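One structure below.
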Amino acid sequence: MATKTVREVLIDLAKKESSDIYIAKILAYYYPKINFGDKKSFFESLIHYYSVTGEHSFDFDKILSEEQNTDVSSGINGNDYRIKNVRLADVRGIPGEDENGVPFGINFSEDSIINNAIILANNGTGKSSIFSALEMLFTQEISERKLRRRIPNSIRLEDYSNYLKRFPVERQPFCEIDTPSGKFDLNNIPFNDLQRKLINPYNHFISDFDIYDHGQREFDGNTENPNSFHSLIAKSLGLEDFILKQTKFREAKDYKRNTETTSLKRLEGQKEDADRNEKNFSAQIQSKNIELKELKDAGGSTAQNPIEIKRKKLQELLAKSIYYSLNSNDFTTSLETFASTYIESQSIQSNQKEILSKNFLVSGLQLLDDADDCPFCQNSQKNKEEIKKNVQDRVTQLQQSQELDELLKQQYKTVTDLLSSFYKQSQVLYKQINIERAEIASYEELSSVFQKEEQLYIELSLRINDEELIEHINNLRSKQIPTHQDYEALYNLIVQDIIKSNASIINNISIFIKERKEVLEQTVRGLTNDNQELTTAQKIALVESEIKRLIEQLELAKKRISELTPQIEKLQKEVALVKRIKSELEGFIPLFDNEVNGLINTAFDPIQEIVEAILKEYLKEENLKLVIVKKEKKLIIDDQEVINNIIVSNLEYLDSETGEIKSVTPDMYFNTFRYKLFCLMVSLSLALATRKKHKINLPLIIDDIFFASDFISKNSFAEFLQKVIQLFYKQTPDMPLQIILFTHDDLIFRSAIDAVDNFRLENQKEDLCDENKRPLSEKTMIGRFFDPKDKDPNTSKFHSGEEYWNLLYCIPKDVNQFIKA
């Protein structure tokens, strides 16, 4: 029933709103290219298109003319899609064609009449396979597949196609139907995407998924709740895309986006280091130039020997201890031990209940020596030795479980402590080597140490600036009693190689500390041995060499600053852009919500009376009235108050004590079975409303959702089914109904036959089309499925002459009474 696409609404908002909510323009213009996958991908799409757009001129009128070029309902309004016959092969429980290319099939047509069908089918005979194939053909979804997924909306079209395949053969499934409006199959489907959203054929296929999905709805007036009754109505009106986008926008607004901020802090830290190094190198060059000038002015004599100055400086460096207590082998061993223990623990369930069980069994063993029988039940069939052995074995197993749990907890603490120590010690070392790099840059003898420090500086920078990871690890370490989720989180860090590579850094640091000490000691010894009076030329040459080396390091520092500056500026813009996008989303979401709620209400208005009437007619209970109301919700948009109407379903009843009218939501009032029926009626009412509005005749197919034990008597289901059929006749009298019911329950099958045989038209016969005027029993097939392997020895033929192996064993309509006997 949707009359607008998401993009059309976005364009309307972009044209209507002022340029300060720029995100409306970005979303509207780039809508087909934006990645609406997870929140990270969506946010990065927005960042990209904000960055590349600049001062862009958006030609929305051209896009609108292209979007509105096609008539969605063209070619389907008034069409009749009732099923005359169906042919199937390689569909889950249905085998492939025989050697002559003949598939299986069902013929619903007889003497130019398209029949209803009541089909009894044991589990495993293919009824759900046929339901799934027909559902896929009409809706491009399979409810049984959705029922097996926590997040049904994540299922792709190819997933449904794969689910429909017959295993282990895996040939492409085949399903073809013949209808008054033409033939269709899994490749030549009746409706395109926009048409499916318009007419919503999903509500004509009733299965367990609909019952469970609707049963989890909350009947509140919260538009931010994607499981609300309001959202269900939106989905049923073909507006599911809008609900999904509302959820996506809110996720993006609340997304804790630290990627740009973290990178910016890391580069700003590196630039601060480079700035400090530049100042240090400049100061040292200035000092060396003064020393050089003094040498030249004094004619070769100087108060201090340059070699002695260098030796003392290096001795000071040698005296500075670099503390790093971690060992790479111990680090790796701790990680591997925890990982292997975690894997082992997955096969043993350890919890408080087992601890109590162990204590109970130990106490029982102590009592057993003084008892003649089992100390618990006192009626064992085993002798005392057998009891004792069995209990001791169980105690041993529980003891192992507890010991493993305690070991895992200890190793968890060891690993998280090691990781915390790694990052703390690495931060200290990072600062130390950054300062030292500037101090030793002029000493050619220490070039190997300088290179090692440069390498470590880069490696450590990447790790100590990963604030998200460090925060995550600190959070894990803070847990006094780790949960299963904590163990799993730490295990994932290890197996995904996020922290395991730290061992190589630890090893590099150990090697560096050792080599640094050796090089410094060797250099100091050499300078001590060579500490003799130099000639003037030698002193000048030595200082000039040091100045040259400092100038080289100064140029490298300046180059690094020049490289970092544009990167930082770019990241600063990105950080500001992230804040801008979040801020604009904050303002945009109420605008979009307002438009969506308006669309939902506009689409629902013409059918509200129908839906309410159908549900009320079904729910004829004394002192209980169903009301579908539009609950007002006030919003402030552009400093103006806007009223949103949210669709809410309530049950009103008279409080016998106070005499007041009170209301309760259906999920709070109904017991499980009656709530199941209510949810079914919601689906049927929406299907009827769509049918009435667009005059598109779809079959109503129900797949095995009833059990005889649900009903008070066998007549209860017959009355329910009759009521459903009466509703369809009453709301769409000019459209012939086709209802197909699959069941494995024999009593439901018999009750359905009763419903058909005893069905009487209400006082509206003059409004009915000719087919609906015919007695229901004359246009309803009664039959049973058997395993496809039990097929008849001969094939059957449709009126068109096509051969098929008949899946349905029909019972002649004039002998139905024998079944009910």
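Letters for chains follow the order of the structure tokens (A, B, ...), residue numbers begin at 1 for each chain, and ligand numbers begin at 1 in the order shown.
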Pick out the residues sitting within 10 Å of Asn329 in chain A, and hand them over as a compact mmCIF listing (two decimals) with N, CA and C atoms, in the first residue's frame; count only C-alpha atoms, and ignore anything fewer than 6 positions along from it in its own chain.
```txt
# COMPACT_ATOMS: atom_id res chain seq x y z
N ALA A 503 54.08 -10.57 21.53
CA ALA A 503 55.24 -11.36 21.95
C ALA A 503 56.47 -10.98 21.15
N SER A 504 56.32 -10.71 19.86
CA SER A 504 57.48 -10.32 19.03
C SER A 504 58.01 -8.96 19.46
N ILE A 506 57.85 -7.78 22.55
CA ILE A 506 58.56 -8.03 23.82
C ILE A 506 59.95 -8.58 23.54
N ASN A 507 60.02 -9.49 22.58
CA ASN A 507 61.31 -10.07 22.22
C ASN A 507 62.25 -9.00 21.65
```
Task: DSSP-assigned alpha helix (DSSP H) members of range 72-247 of chain A, reported as an MDAnalysis selection string - done: chainID A and resid 127:139 143:147 157:164 193:199 208:215 229:236 240:247
Open item on the list: Just want the 9 Å neighbourhood of Ile696 in chain A, counted on only C-alpha atoms, with same-chain residues fewer than 3 positions away dropped. Output as an MDAnalysis selection string.
Closed with: chainID A and resid 76:81 199 690:693 735
Same residues, N, CA, C and O atoms, saved as a CSV table (one decimal), in the first residue's frame:
```
chain,number,residue,atom,x,y,z
A,76,ILE,N,-1.0,-5.4,-12.6
A,76,ILE,CA,-1.4,-6.3,-11.6
A,76,ILE,C,-2.7,-6.0,-11.0
A,76,ILE,O,-3.4,-6.9,-10.4
A,77,ASN,N,-3.2,-4.8,-11.0
A,77,ASN,CA,-4.5,-4.4,-10.4
A,77,ASN,C,-5.6,-5.3,-11.1
A,77,ASN,O,-5.7,-5.3,-12.3
A,78,GLY,N,-6.4,-5.9,-10.2
A,78,GLY,CA,-7.5,-6.7,-10.7
A,78,GLY,C,-7.2,-8.1,-11.2
A,78,GLY,O,-8.0,-8.8,-11.6
A,79,ASN,N,-5.9,-8.5,-11.1
A,79,ASN,CA,-5.5,-9.8,-11.5
A,79,ASN,C,-5.9,-10.9,-10.5
A,79,ASN,O,-6.0,-10.6,-9.3
A,80,ASP,N,-6.0,-12.1,-11.1
A,80,ASP,CA,-6.4,-13.2,-10.3
A,80,ASP,C,-5.3,-14.2,-10.3
A,80,ASP,O,-4.9,-14.8,-11.3
A,81,TYR,N,-4.7,-14.4,-9.1
A,81,TYR,CA,-3.5,-15.3,-9.0
A,81,TYR,C,-3.9,-16.6,-8.2
A,81,TYR,O,-3.0,-17.3,-7.7
A,199,ILE,N,1.4,-4.6,-2.5
A,199,ILE,CA,0.2,-5.5,-2.2
A,199,ILE,C,0.5,-6.5,-1.1
A,199,ILE,O,-0.4,-7.1,-0.6
A,690,THR,N,-5.7,-5.4,2.1
A,690,THR,CA,-4.9,-5.2,0.8
A,690,THR,C,-5.7,-5.8,-0.4
A,690,THR,O,-5.8,-5.1,-1.4
A,691,ARG,N,-6.4,-6.9,-0.1
A,691,ARG,CA,-7.2,-7.5,-1.2
A,691,ARG,C,-8.3,-6.6,-1.6
A,691,ARG,O,-8.6,-6.4,-2.8
A,692,LYS,N,-8.9,-6.0,-0.6
A,692,LYS,CA,-10.1,-5.1,-0.9
A,692,LYS,C,-9.6,-3.8,-1.6
A,692,LYS,O,-10.3,-3.3,-2.5
A,693,LYS,N,-8.5,-3.3,-1.2
A,693,LYS,CA,-8.0,-2.0,-1.8
A,693,LYS,C,-7.6,-2.2,-3.2
A,693,LYS,O,-7.9,-1.4,-4.1
A,735,MET,N,-14.8,-11.1,-5.3
A,735,MET,CA,-13.6,-11.8,-5.6
A,735,MET,C,-13.7,-13.3,-5.1
A,735,MET,O,-13.8,-13.5,-3.9
```
Task: Residue with smallest distance to Lys62 in chain A - pool A:Tyr29, A:Phe42, A:Phe728, A:Phe706, counting only C-alpha atoms - done: A:Tyr29
